[in-house]
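*Asks:* Have a peek at my_file25.pdb (PDB, N, CA and C atoms).
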ATOM      1  N   MET O  15     -19.175  35.131  -4.180  1.00  0.00           N
ATOM      2  CA  MET O  15     -18.512  34.944  -5.451  1.00  0.00           C
ATOM      3  C   MET O  15     -17.784  36.206  -5.889  1.00  0.00           C
ATOM      4  N   ASP O  16     -18.091  37.326  -5.287  1.00  0.00           N
ATOM      5  CA  ASP O  16     -17.489  38.590  -5.695  1.00  0.00           C
ATOM      6  C   ASP O  16     -16.317  38.975  -4.806  1.00  0.00           C
ATOM      7  N   ARG O  17     -15.716  37.988  -4.177  1.00  0.00           N
ATOM      8  CA  ARG O  17     -14.569  38.315  -3.315  1.00  0.00           C
ATOM      9  C   ARG O  17     -13.381  38.737  -4.166  1.00  0.00           C
ATOM     10  N   ILE O  18     -12.646  39.664  -3.658  1.00  0.00           N
ATOM     11  CA  ILE O  18     -11.454  40.136  -4.349  1.00  0.00           C
ATOM     12  C   ILE O  18     -10.249  39.703  -3.520  1.00  0.00           C
ATOM     13  N   TYR O  19      -9.408  38.890  -4.128  1.00  0.00           N
ATOM     14  CA  TYR O  19      -8.208  38.406  -3.447  1.00  0.00           C
ATOM     15  C   TYR O  19      -7.024  39.283  -3.832  1.00  0.00           C
ATOM     16  N   PRO O  20      -6.175  39.597  -2.873  1.00  0.00           N
ATOM     17  CA  PRO O  20      -4.998  40.416  -3.199  1.00  0.00           C
ATOM     18  C   PRO O  20      -4.034  39.639  -4.090  1.00  0.00           C
ATOM     19  N   GLN O  21      -3.326  40.387  -4.908  1.00  0.00           N
ATOM     20  CA  GLN O  21      -2.334  39.749  -5.774  1.00  0.00           C
ATOM     21  C   GLN O  21      -1.243  39.127  -4.911  1.00  0.00           C
ATOM     22  N   GLY O  22      -0.809  37.948  -5.305  1.00  0.00           N
ATOM     23  CA  GLY O  22       0.252  37.284  -4.543  1.00  0.00           C
ATOM     24  C   GLY O  22      -0.221  36.819  -3.188  1.00  0.00           C
ATOM     25  N   GLY O  23      -1.449  36.365  -3.096  1.00  0.00           N
ATOM     26  CA  GLY O  23      -2.008  35.929  -1.824  1.00  0.00           C
ATOM     27  C   GLY O  23      -1.228  34.801  -1.186  1.00  0.00           C
ATOM     28  N   ALA O  24      -0.622  33.957  -2.024  1.00  0.00           N
ATOM     29  CA  ALA O  24       0.146  32.836  -1.486  1.00  0.00           C
ATOM     30  C   ALA O  24       1.397  33.335  -0.764  1.00  0.00           C
ATOM     31  N   ASP O  25       1.904  34.485  -1.188  1.00  0.00           N
ATOM     32  CA  ASP O  25       3.112  35.023  -0.554  1.00  0.00           C
ATOM     33  C   ASP O  25       2.834  35.545   0.854  1.00  0.00           C
ATOM     34  N   ASN O  26       1.589  35.842   1.137  1.00  0.00           N
ATOM     35  CA  ASN O  26       1.249  36.392   2.445  1.00  0.00           C
ATOM     36  C   ASN O  26       1.032  35.313   3.504  1.00  0.00           C
ATOM     37  N   PHE O  27       1.011  34.055   3.088  1.00  0.00           N
ATOM     38  CA  PHE O  27       0.748  32.964   4.027  1.00  0.00           C
ATOM     39  C   PHE O  27       2.050  32.521   4.680  1.00  0.00           C
ATOM     40  N   ASP O  28       2.072  32.532   5.987  1.00  0.00           N
ATOM     41  CA  ASP O  28       3.263  32.105   6.721  1.00  0.00           C
ATOM     42  C   ASP O  28       3.052  30.698   7.252  1.00  0.00           C
ATOM     43  N   ASP O  29       3.956  29.791   6.913  1.00  0.00           N
ATOM     44  CA  ASP O  29       3.890  28.430   7.433  1.00  0.00           C
ATOM     45  C   ASP O  29       4.323  28.426   8.895  1.00  0.00           C
ATOM     46  N   PRO O  30       3.636  27.641   9.725  1.00  0.00           N
ATOM     47  CA  PRO O  30       4.100  27.520  11.103  1.00  0.00           C
ATOM     48  C   PRO O  30       5.410  26.740  11.139  1.00  0.00           C
ATOM     49  N   PRO O  31       6.227  26.981  12.121  1.00  0.00           N
ATOM     50  CA  PRO O  31       7.492  26.239  12.195  1.00  0.00           C
ATOM     51  C   PRO O  31       7.212  24.750  12.400  1.00  0.00           C
ATOM     52  N   PRO O  32       7.967  23.873  11.749  1.00  0.00           N
ATOM     53  CA  PRO O  32       7.724  22.438  11.886  1.00  0.00           C
ATOM     54  C   PRO O  32       8.040  21.967  13.308  1.00  0.00           C
ATOM     55  N   SER O  33       7.202  21.095  13.817  1.00  0.00           N
ATOM     56  CA  SER O  33       7.461  20.558  15.150  1.00  0.00           C
ATOM     57  C   SER O  33       8.121  19.192  15.013  1.00  0.00           C
ATOM     58  N   ARG O  34       8.942  18.857  15.963  1.00  0.00           N
ATOM     59  CA  ARG O  34       9.673  17.592  15.924  1.00  0.00           C
ATOM     60  C   ARG O  34       8.715  16.411  15.972  1.00  0.00           C
ATOM     61  N   GLU O  35       7.626  16.552  16.733  1.00  0.00           N
ATOM     62  CA  GLU O  35       6.650  15.466  16.857  1.00  0.00           C
ATOM     63  C   GLU O  35       6.003  15.152  15.511  1.00  0.00           C
ATOM     64  N   ASN O  36       5.630  16.196  14.767  1.00  0.00           N
ATOM     65  CA  ASN O  36       5.022  15.972  13.452  1.00  0.00           C
ATOM     66  C   ASN O  36       6.017  15.374  12.465  1.00  0.00           C
ATOM     67  N   GLU O  37       7.266  15.788  12.553  1.00  0.00           N
ATOM     68  CA  GLU O  37       8.301  15.246  11.670  1.00  0.00           C
ATOM     69  C   GLU O  37       8.503  13.757  11.946  1.00  0.00           C
ATOM     70  N   GLU O  38       8.542  13.375  13.228  1.00  0.00           N
ATOM     71  CA  GLU O  38       8.736  11.969  13.577  1.00  0.00           C
ATOM     72  C   GLU O  38       7.531  11.135  13.142  1.00  0.00           C
ATOM     73  N   ARG O  39       6.332  11.682  13.307  1.00  0.00           N
ATOM     74  CA  ARG O  39       5.124  10.963  12.898  1.00  0.00           C
ATOM     75  C   ARG O  39       5.127  10.747  11.385  1.00  0.00           C
ATOM     76  N   ALA O  40       5.525  11.754  10.635  1.00  0.00           N
ATOM     77  CA  ALA O  40       5.590  11.625   9.178  1.00  0.00           C
ATOM     78  C   ALA O  40       6.634  10.584   8.773  1.00  0.00           C
ATOM     79  N   SER O  41       7.753  10.571   9.467  1.00  0.00           N
ATOM     80  CA  SER O  41       8.794   9.587   9.170  1.00  0.00           C
ATOM     81  C   SER O  41       8.291   8.177   9.428  1.00  0.00           C
ATOM     82  N   ARG O  42       7.579   7.997  10.527  1.00  0.00           N
ATOM     83  CA  ARG O  42       7.028   6.676  10.843  1.00  0.00           C
ATOM     84  C   ARG O  42       6.031   6.232   9.786  1.00  0.00           C
ATOM     85  N   ARG O  43       5.197   7.153   9.330  1.00  0.00           N
ATOM     86  CA  ARG O  43       4.212   6.798   8.304  1.00  0.00           C
ATOM     87  C   ARG O  43       4.894   6.387   7.006  1.00  0.00           C
ATOM     88  N   ILE O  44       5.942   7.093   6.635  1.00  0.00           N
ATOM     89  CA  ILE O  44       6.669   6.744   5.418  1.00  0.00           C
ATOM     90  C   ILE O  44       7.309   5.369   5.559  1.00  0.00           C
ATOM     91  N   LEU O  45       7.931   5.103   6.708  1.00  0.00           N
ATOM     92  CA  LEU O  45       8.550   3.800   6.926  1.00  0.00           C
ATOM     93  C   LEU O  45       7.523   2.680   6.918  1.00  0.00           C
ATOM     94  N   LEU O  46       6.353   2.906   7.531  1.00  0.00           N
ATOM     95  CA  LEU O  46       5.313   1.883   7.530  1.00  0.00           C
ATOM     96  C   LEU O  46       4.780   1.650   6.118  1.00  0.00           C
ATOM     97  N   ALA O  47       4.646   2.698   5.327  1.00  0.00           N
ATOM     98  CA  ALA O  47       4.196   2.539   3.946  1.00  0.00           C
ATOM     99  C   ALA O  47       5.208   1.743   3.138  1.00  0.00           C
ATOM    100  N   MET O  48       6.486   2.030   3.347  1.00  0.00           N
ATOM    101  CA  MET O  48       7.529   1.283   2.640  1.00  0.00           C
ATOM    102  C   MET O  48       7.554  -0.181   3.081  1.00  0.00           C
ATOM    103  N   LEU O  49       7.382  -0.422   4.364  1.00  0.00           N
ATOM    104  CA  LEU O  49       7.338  -1.801   4.867  1.00  0.00           C
ATOM    105  C   LEU O  49       6.142  -2.539   4.287  1.00  0.00           C
ATOM    106  N   GLY O  50       4.992  -1.890   4.244  1.00  0.00           N
ATOM    107  CA  GLY O  50       3.802  -2.508   3.665  1.00  0.00           C
ATOM    108  C   GLY O  50       4.002  -2.843   2.193  1.00  0.00           C
ATOM    109  N   ALA O  51       4.628  -1.935   1.459  1.00  0.00           N
ATOM    110  CA  ALA O  51       4.890  -2.194   0.036  1.00  0.00           C
ATOM    111  C   ALA O  51       5.863  -3.358  -0.127  1.00  0.00           C
ATOM    112  N   ALA O  52       6.887  -3.404   0.706  1.00  0.00           N
ATOM    113  CA  ALA O  52       7.858  -4.499   0.627  1.00  0.00           C
ATOM    114  C   ALA O  52       7.199  -5.836   0.959  1.00  0.00           C
ATOM    115  N   LEU O  53       6.353  -5.858   1.960  1.00  0.00           N
ATOM    116  CA  LEU O  53       5.662  -7.100   2.312  1.00  0.00           C
ATOM    117  C   LEU O  53       4.712  -7.536   1.201  1.00  0.00           C
ATOM    118  N   THR O  54       4.054  -6.592   0.570  1.00  0.00           N
ATOM    119  CA  THR O  54       3.152  -6.918  -0.536  1.00  0.00           C
ATOM    120  C   THR O  54       3.929  -7.516  -1.707  1.00  0.00           C
ATOM    121  N   VAL O  55       5.023  -6.879  -2.079  1.00  0.00           N
ATOM    122  CA  VAL O  55       5.836  -7.380  -3.195  1.00  0.00           C
ATOM    123  C   VAL O  55       6.422  -8.746  -2.840  1.00  0.00           C
ATOM    124  N   GLY O  56       6.919  -8.883  -1.619  1.00  0.00           N
ATOM    125  CA  GLY O  56       7.467 -10.171  -1.188  1.00  0.00           C
ATOM    126  C   GLY O  56       6.422 -11.272  -1.174  1.00  0.00           C
ATOM    127  N   GLY O  57       5.228 -10.958  -0.738  1.00  0.00           N
ATOM    128  CA  GLY O  57       4.148 -11.939  -0.720  1.00  0.00           C
ATOM    129  C   GLY O  57       3.760 -12.375  -2.116  1.00  0.00           C
ATOM    130  N   LEU O  58       3.656 -11.412  -3.032  1.00  0.00           N
ATOM    131  CA  LEU O  58       3.339 -11.751  -4.418  1.00  0.00           C
ATOM    132  C   LEU O  58       4.435 -12.593  -5.047  1.00  0.00           C
ATOM    133  N   TYR O  59       5.677 -12.292  -4.734  1.00  0.00           N
ATOM    134  CA  TYR O  59       6.798 -13.086  -5.244  1.00  0.00           C
ATOM    135  C   TYR O  59       6.720 -14.514  -4.708  1.00  0.00           C
ATOM    136  N   ALA O  60       6.428 -14.658  -3.419  1.00  0.00           N
ATOM    137  CA  ALA O  60       6.328 -15.982  -2.810  1.00  0.00           C
ATOM    138  C   ALA O  60       5.189 -16.780  -3.447  1.00  0.00           C
ATOM    139  N   VAL O  61       4.067 -16.142  -3.705  1.00  0.00           N
ATOM    140  CA  VAL O  61       2.947 -16.829  -4.366  1.00  0.00           C
ATOM    141  C   VAL O  61       3.369 -17.274  -5.767  1.00  0.00           C
ATOM    142  N   GLY O  62       4.089 -16.443  -6.488  1.00  0.00           N
ATOM    143  CA  GLY O  62       4.564 -16.810  -7.819  1.00  0.00           C
ATOM    144  C   GLY O  62       5.507 -17.995  -7.780  1.00  0.00           C
ATOM    145  N   VAL O  63       6.429 -17.987  -6.799  1.00  0.00           N
ATOM    146  CA  VAL O  63       7.343 -19.122  -6.646  1.00  0.00           C
ATOM    147  C   VAL O  63       6.579 -20.387  -6.309  1.00  0.00           C
ATOM    148  N   LEU O  64       5.635 -20.279  -5.406  1.00  0.00           N
ATOM    149  CA  LEU O  64       4.835 -21.439  -5.022  1.00  0.00           C
ATOM    150  C   LEU O  64       4.046 -21.985  -6.213  1.00  0.00           C
ATOM    151  N   CYS O  65       3.457 -21.110  -7.010  1.00  0.00           N
ATOM    152  CA  CYS O  65       2.734 -21.551  -8.197  1.00  0.00           C
ATOM    153  C   CYS O  65       3.669 -22.233  -9.182  1.00  0.00           C
ATOM    154  N   GLY O  66       4.879 -21.706  -9.318  1.00  0.00           N
ATOM    155  CA  GLY O  66       5.859 -22.332 -10.206  1.00  0.00           C
ATOM    156  C   GLY O  66       6.265 -23.717  -9.736  1.00  0.00           C
ATOM    157  N   VAL O  67       6.439 -23.895  -8.436  1.00  0.00           N
ATOM    158  CA  VAL O  67       6.787 -25.202  -7.876  1.00  0.00           C
ATOM    159  C   VAL O  67       5.651 -26.184  -8.096  1.00  0.00           C
ATOM    160  N   VAL O  68       4.433 -25.746  -7.848  1.00  0.00           N
ATOM    161  CA  VAL O  68       3.269 -26.624  -8.030  1.00  0.00           C
ATOM    162  C   VAL O  68       3.107 -26.985  -9.513  1.00  0.00           C
ATOM    163  N   ALA O  69       3.348 -26.026 -10.413  1.00  0.00           N
ATOM    164  CA  ALA O  69       3.205 -26.294 -11.844  1.00  0.00           C
ATOM    165  C   ALA O  69       4.222 -27.315 -12.327  1.00  0.00           C
ATOM    166  N   ARG O  70       5.426 -27.275 -11.796  1.00  0.00           N
ATOM    167  CA  ARG O  70       6.460 -28.254 -12.189  1.00  0.00           C
ATOM    168  C   ARG O  70       6.139 -29.635 -11.635  1.00  0.00           C
ATOM    169  N   ALA O  71       5.510 -29.680 -10.480  1.00  0.00           N
ATOM    170  CA  ALA O  71       5.203 -30.957  -9.847  1.00  0.00           C
ATOM    171  C   ALA O  71       4.063 -31.684 -10.555  1.00  0.00           C
ATOM    172  N   VAL O  72       3.225 -30.929 -11.243  1.00  0.00           N
ATOM    173  CA  VAL O  72       2.058 -31.548 -11.892  1.00  0.00           C
ATOM    174  C   VAL O  72       2.389 -32.083 -13.251  1.00  0.00           C
TER     175      VAL O  72
END
Would you write out, as structure tokens, the structure that this file holds?
*Replies:*
Amino acid sequence: MDRIYPQGGADNFDDPPPSRENEERASRRILLAMLGAALTVGGLYAVGVLCGVVARAV
């Protein structure tokens, strides 16, 4: 608990250079998340339309 951190410790941290493989993997994850969200919204919309059709028929 008595550690002393140097001022501006965040400035001393060097990020490793980005690799193309990690960039592509991140892009794929973002695209899959967007596709999943679109399918979820589309599915909910379809259920709403179906409920509306059934409600009019009754």
*Asks:* What is the atom C of O:Ala60 to atom N of O:Leu45 distance in Å?
*Replies:* 24.3 Å
*Asks:* Could you please determine the separation between atom CA of O:Tyr59 and atom CA of O:Leu46 in Å, to one decimal place?
*Replies:* 19.7 Å
*Asks:* Using atom N of O:Ser33 and atom CA of O:Ala52 as the two end points, give the distance in Å to one decimal.
*Replies:*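 Going from atom N of O:Ser33 over to atom CA of O:Ala52, I get 28.8 Å.
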*Asks:* Taking all listed atoms of stretch 57-67 of chain O, build the axis-aligned box, pad each of the six sides by 3 Å, then write its centre and edge lengths in Å to one decimal as lines of an AutoDock Vina configuration file.
*Replies:*
center_x = 5.0
center_y = -18.6
center_z = -5.5
size_x = 10.6
size_y = 21.2
size_z = 15.5
